[in-house]
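**Student:** Quick one: structure below, then a few questions.
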Amino acid sequence: MARVLRVARSSSSLFSFGSRSYSAEASHVSSASPFLGARRDVTKERNVQWVFLGCPGVGKGTYASRLSSLLGVPHIATGDLVRDALASSGPLSQQLSEIVNQGKLVSDEIIVNLLSKRLEAGEAKGESGFILDGFPRTMRQAEILGDVTDIDLVVNLKLPEEVLVDKCLGRRTCNQCGKGFNIAHINLKGENGKPGISMDPLLPPPQCMSKLVTRADDTEEVVKARLRIYNETSQPLEEYYRSKGKLMEFDLPGGIPESWPRLLEALRLDDYEEKQSAAA
């Protein structure tokens, strides 16, 4: 049966999933994390069901996408679902445009309905497992997700706020090939015992240079508003998964070259990537 999440408009805020209804330092790993102890042999178990948390611009999509390719599971980013809906025509597109341009978070109802359609389409194609990026963002969403499926691990990526702002303001997309780049050169000096962070820009090839565009919502005012809203709502969500022993907090030490191998090591997947490379 295809998995479907729906928000029913009613005083009791019921949700349905299929035929069921419901009411509405580099890393730190929780002591109950499934990745402590023996390294995971993902080839002998069901596909992983992970969630990536983190402020806007932290790099959830980058690392979730890499892990998706490594493990062979779909990477489902609610930000992409929202942007696809924005690019469509109709009332939803206009509604989303107003929300995004004001730096507000999209409502639970809209996100759940978009994710429902994506899961339904994926299951019809035979997909198994997932890495969710950008969902859940609220306790209500986490409770819905927990009612309908088991989450193995929640990875919470972290960066200082000033780095996040610079990264968001440096984001660019080629309006021809659709690839994303970042022109920000980040060099944050260490202080008060905290290490510095250096990130080189991810520059486009010459053929894309003149075709770069900036997202309409990537202004300093909107970025800071998004970060403030996220921080206000993320604490209960982090504590919820921490109490279940599923939260892994990972402080990004720098850009991809520095962070990727350390993330794999924290996930006990560094030897798995080596095996995959050897088999290729």
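Identifiers for the structure tokens are assigned positionally: chains receive A, B, ... in sequence, residues are indexed from 1 per chain, and ligands are indexed from 1 in the order shown.
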Please identify the strand (DSSP E) residues within region 100-252 of chain A (assignment by DSSP from backbone atoms) and present them as a ChimeraX atom specification.
**Tutor:** /A:130-133,153-158,171-174,180-182,186-188,197-199,212-213,247-251
**Student:** Set the distance at 7 Å and use only C-alpha atoms: which residues neighbour region 58-64 of chain A once local chain neighbours fewer than 5 positions away are removed? I'd like the list as an mmCIF file with all heavy atoms, in the first residue's frame.
**Tutor:**
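So out-v8.cif came out as:
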```
data_model
loop_
_atom_site.group_PDB
_atom_site.id
_atom_site.type_symbol
_atom_site.label_atom_id
_atom_site.label_comp_id
_atom_site.auth_asym_id
_atom_site.auth_seq_id
_atom_site.Cartn_x
_atom_site.Cartn_y
_atom_site.Cartn_z
ATOM 1 N N PHE A 52 18.107 14.295 8.475
ATOM 2 C CA PHE A 52 19.155 15.295 8.629
ATOM 3 C C PHE A 52 18.532 16.597 9.129
ATOM 4 O O PHE A 52 17.621 17.134 8.496
ATOM 5 C CB PHE A 52 19.882 15.541 7.309
ATOM 6 C CG PHE A 52 21.109 14.700 7.137
ATOM 7 C CD1 PHE A 52 21.012 13.319 7.041
ATOM 8 C CD2 PHE A 52 22.366 15.279 7.107
ATOM 9 C CE1 PHE A 52 22.142 12.534 6.907
ATOM 10 C CE2 PHE A 52 23.516 14.503 6.970
ATOM 11 C CZ PHE A 52 23.402 13.123 6.871
ATOM 12 N N LEU A 53 19.021 17.075 10.275
ATOM 13 C CA LEU A 53 18.599 18.351 10.828
ATOM 14 C C LEU A 53 19.727 19.371 10.688
ATOM 15 O O LEU A 53 20.877 19.011 10.470
ATOM 16 C CB LEU A 53 18.240 18.205 12.312
ATOM 17 C CG LEU A 53 17.106 17.269 12.707
ATOM 18 C CD1 LEU A 53 16.929 17.294 14.221
ATOM 19 C CD2 LEU A 53 15.806 17.644 12.014
ATOM 20 N N HIS A 75 17.264 10.455 -1.489
ATOM 21 C CA HIS A 75 17.429 11.664 -0.693
ATOM 22 C C HIS A 75 16.212 12.535 -0.968
ATOM 23 O O HIS A 75 15.999 12.979 -2.098
ATOM 24 C CB HIS A 75 18.720 12.372 -1.118
ATOM 25 C CG HIS A 75 18.822 13.786 -0.633
ATOM 26 N ND1 HIS A 75 19.418 14.789 -1.379
ATOM 27 C CD2 HIS A 75 18.405 14.373 0.508
ATOM 28 C CE1 HIS A 75 19.368 15.924 -0.717
ATOM 29 N NE2 HIS A 75 18.757 15.707 0.428
ATOM 30 N N ILE A 131 16.595 9.176 3.126
ATOM 31 C CA ILE A 131 17.279 10.165 3.954
ATOM 32 C C ILE A 131 16.481 11.449 3.807
ATOM 33 O O ILE A 131 16.432 12.034 2.724
ATOM 34 C CB ILE A 131 18.741 10.373 3.522
ATOM 35 C CG1 ILE A 131 19.538 9.075 3.685
ATOM 36 C CG2 ILE A 131 19.380 11.485 4.354
ATOM 37 C CD1 ILE A 131 20.979 9.168 3.226
ATOM 38 N N ASP A 133 15.619 15.322 4.424
ATOM 39 C CA ASP A 133 16.386 16.555 4.564
ATOM 40 C C ASP A 133 15.401 17.717 4.670
ATOM 41 O O ASP A 133 14.709 18.035 3.714
ATOM 42 C CB ASP A 133 17.306 16.684 3.337
ATOM 43 C CG ASP A 133 17.866 18.066 3.107
ATOM 44 O OD1 ASP A 133 17.693 18.954 3.959
ATOM 45 O OD2 ASP A 133 18.480 18.269 2.049
ATOM 46 N N LEU A 157 23.522 18.624 11.920
ATOM 47 C CA LEU A 157 24.723 19.329 11.470
ATOM 48 C C LEU A 157 24.760 20.739 12.057
ATOM 49 O O LEU A 157 23.738 21.424 12.107
ATOM 50 C CB LEU A 157 24.744 19.416 9.946
ATOM 51 C CG LEU A 157 24.747 18.089 9.179
ATOM 52 C CD1 LEU A 157 24.784 18.356 7.684
ATOM 53 C CD2 LEU A 157 25.916 17.209 9.592
ATOM 54 N N LYS A 158 25.969 21.168 12.471
ATOM 55 C CA LYS A 158 26.087 22.464 13.134
ATOM 56 C C LYS A 158 27.224 23.307 12.559
ATOM 57 O O LYS A 158 28.292 22.784 12.223
ATOM 58 C CB LYS A 158 26.320 22.267 14.634
ATOM 59 C CG LYS A 158 25.128 21.668 15.374
ATOM 60 C CD LYS A 158 25.354 21.688 16.865
ATOM 61 C CE LYS A 158 24.090 21.338 17.625
ATOM 62 N NZ LYS A 158 24.294 21.467 19.089
ATOM 63 N N LEU A 159 26.966 24.620 12.475
ATOM 64 C CA LEU A 159 27.956 25.623 12.095
ATOM 65 C C LEU A 159 27.639 26.909 12.856
ATOM 66 O O LEU A 159 26.475 27.171 13.181
ATOM 67 C CB LEU A 159 27.912 25.912 10.592
ATOM 68 C CG LEU A 159 28.654 24.985 9.640
ATOM 69 C CD1 LEU A 159 28.349 25.372 8.205
ATOM 70 C CD2 LEU A 159 30.169 25.024 9.892
ATOM 71 N N LEU A 164 26.951 30.486 8.690
ATOM 72 C CA LEU A 164 25.700 30.149 8.007
ATOM 73 C C LEU A 164 25.199 31.322 7.164
ATOM 74 O O LEU A 164 24.748 31.132 6.033
ATOM 75 C CB LEU A 164 24.635 29.749 9.035
ATOM 76 C CG LEU A 164 24.841 28.419 9.746
ATOM 77 C CD1 LEU A 164 23.899 28.295 10.934
ATOM 78 C CD2 LEU A 164 24.623 27.262 8.777
#
```
**Student:** Write down as a PyMOL selection string the residues of region 40-255 of chain A whose backbone DSSP state falls under helix (DSSP H, G or I).
**Tutor:** chain A and resi 42-44+60-71+78-87+91-101+108-124+139-148+161-169+206-209+220-243
**Student:** Just C-alpha atoms for this one: save the residues we selected as a tab-separated table (two decimals), in the first residue's frame.
**Tutor:**
```
chain	number	residue	atom	x	y	z
A	42	VAL	CA	24.31	-1.92	5.53
A	43	THR	CA	24.20	-4.65	2.89
A	44	LYS	CA	22.64	-7.13	5.34
A	60	LYS	CA	22.12	19.20	4.88
A	61	GLY	CA	21.48	18.70	1.18
A	62	THR	CA	25.14	18.28	0.31
A	63	TYR	CA	25.88	15.56	2.85
A	64	ALA	CA	22.48	13.85	2.60
A	65	SER	CA	22.91	13.63	-1.18
A	66	ARG	CA	26.39	12.11	-0.84
A	67	LEU	CA	25.15	9.53	1.65
A	68	SER	CA	22.17	8.81	-0.59
A	69	SER	CA	24.52	7.91	-3.45
A	70	LEU	CA	26.80	5.90	-1.17
A	71	LEU	CA	24.00	3.85	0.42
A	78	THR	CA	11.51	19.14	1.47
A	79	GLY	CA	13.20	22.33	0.26
A	80	ASP	CA	13.33	20.84	-3.24
A	81	LEU	CA	9.68	19.80	-2.95
A	82	VAL	CA	8.76	23.38	-2.03
A	83	ARG	CA	10.82	24.84	-4.89
A	84	ASP	CA	9.19	22.43	-7.35
A	85	ALA	CA	5.79	23.55	-6.11
A	86	LEU	CA	6.87	27.20	-6.41
A	87	ALA	CA	7.82	26.61	-10.05
A	91	PRO	CA	-2.79	28.97	-5.81
A	92	LEU	CA	-0.20	26.88	-3.93
A	93	SER	CA	2.66	28.44	-5.87
A	94	GLN	CA	1.47	31.96	-5.02
A	95	GLN	CA	0.93	31.05	-1.37
A	96	LEU	CA	4.38	29.53	-1.07
A	97	SER	CA	6.00	32.51	-2.79
A	98	GLU	CA	4.61	34.89	-0.16
A	99	ILE	CA	5.76	32.63	2.70
A	100	VAL	CA	9.29	32.08	1.36
A	101	ASN	CA	9.92	35.72	0.44
A	108	ASP	CA	3.00	21.64	8.55
A	109	GLU	CA	-0.03	21.04	6.36
A	110	ILE	CA	1.70	22.08	3.14
A	111	ILE	CA	4.94	20.21	3.93
A	112	VAL	CA	3.15	17.00	4.93
A	113	ASN	CA	1.06	17.02	1.77
A	114	LEU	CA	4.10	17.60	-0.46
A	115	LEU	CA	6.05	14.85	1.29
A	116	SER	CA	3.08	12.51	1.06
A	117	LYS	CA	3.00	12.82	-2.72
A	118	ARG	CA	6.76	12.25	-2.95
A	119	LEU	CA	6.66	9.11	-0.78
A	120	GLU	CA	3.71	7.76	-2.73
A	121	ALA	CA	5.51	8.29	-6.05
A	122	GLY	CA	8.71	6.70	-4.72
A	123	GLU	CA	6.96	3.64	-3.37
A	124	ALA	CA	5.24	3.16	-6.73
A	139	MET	CA	7.46	18.68	17.08
A	140	ARG	CA	4.14	18.16	15.34
A	141	GLN	CA	5.92	16.91	12.22
A	142	ALA	CA	8.21	14.67	14.30
A	143	GLU	CA	5.22	13.09	16.02
A	144	ILE	CA	3.53	12.43	12.68
A	145	LEU	CA	6.70	10.84	11.32
A	146	GLY	CA	7.22	8.76	14.46
A	147	ASP	CA	3.67	7.40	14.24
A	148	VAL	CA	4.06	6.12	10.71
A	161	GLU	CA	25.67	31.53	12.76
A	162	GLU	CA	28.04	33.98	11.04
A	163	VAL	CA	29.28	31.15	8.81
A	164	LEU	CA	25.70	30.15	8.01
A	165	VAL	CA	24.82	33.71	6.99
A	166	ASP	CA	27.87	34.00	4.73
A	167	LYS	CA	27.13	30.60	3.14
A	168	CYS	CA	23.52	31.51	2.40
A	169	LEU	CA	24.44	34.89	0.93
A	206	PRO	CA	33.54	29.35	-17.03
A	207	GLN	CA	30.45	28.43	-19.07
A	208	CYS	CA	28.19	28.98	-16.04
A	209	MET	CA	29.81	32.14	-14.66
A	220	GLU	CA	20.66	39.03	4.80
A	221	GLU	CA	17.36	40.09	6.38
A	222	VAL	CA	15.51	36.97	5.25
A	223	VAL	CA	18.41	34.61	6.07
A	224	LYS	CA	18.68	35.94	9.62
A	225	ALA	CA	14.91	35.69	10.04
A	226	ARG	CA	15.01	32.04	8.89
A	227	LEU	CA	17.83	31.26	11.33
A	228	ARG	CA	16.00	32.92	14.21
A	229	ILE	CA	12.80	31.00	13.50
A	230	TYR	CA	14.70	27.74	13.09
A	231	ASN	CA	16.55	28.17	16.39
A	232	GLU	CA	13.30	28.89	18.20
A	233	THR	CA	11.70	25.66	16.96
A	234	SER	CA	14.69	23.32	16.85
A	235	GLN	CA	15.46	22.94	20.56
A	236	PRO	CA	12.38	20.83	21.43
A	237	LEU	CA	12.95	18.74	18.28
A	238	GLU	CA	16.57	18.05	19.16
A	239	GLU	CA	15.64	17.12	22.72
A	240	TYR	CA	12.88	14.83	21.44
A	241	TYR	CA	15.33	12.77	19.38
A	242	ARG	CA	18.07	13.03	22.03
A	243	SER	CA	15.72	11.48	24.59
```
**Student:** Rank nothing, just name the residue among A:Ala184, A:Leu202, A:Ala216, A:Leu247 nearest to Leu153 (chain A), using only C-alpha atoms.
**Tutor:** A:Leu247
**Student:** Please compute the CA of Gly178 (chain A)-CA of Leu132 (chain A) distance, one decimal, in Å.
**Tutor:**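 If I compute the distance from CA of Gly178 (chain A) to CA of Leu132 (chain A), I get 21.5 Å.
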**Student:** Do you have the CA of Arg262 (chain A)-CA of Pro204 (chain A) distance handy?
**Tutor:** 25.7 Å
**Student:** Report, in Å to a single decimal, how far apart CA of Pro74 (chain A) and CA of Ala266 (chain A) are.
**Tutor:** 21.0 Å
**Student:** Given the choices A:Ile76, A:Met248, A:Ile197, A:Ile183, which gets closest to Phe130 (chain A) if the distance is worked out from only C-alpha atoms?
**Tutor:**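 Smallest separation from Phe130 (chain A) among the options: A:Ile76.
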**Student:** May I ask which of the residues A:Thr173, A:Asn187, A:Ser107, A:Asn47 is the closest one to Pro136 (chain A), counting only C-alpha atoms?
**Tutor:**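 Using only C-alpha atoms, Pro136 (chain A) sits closest to A:Ser107.
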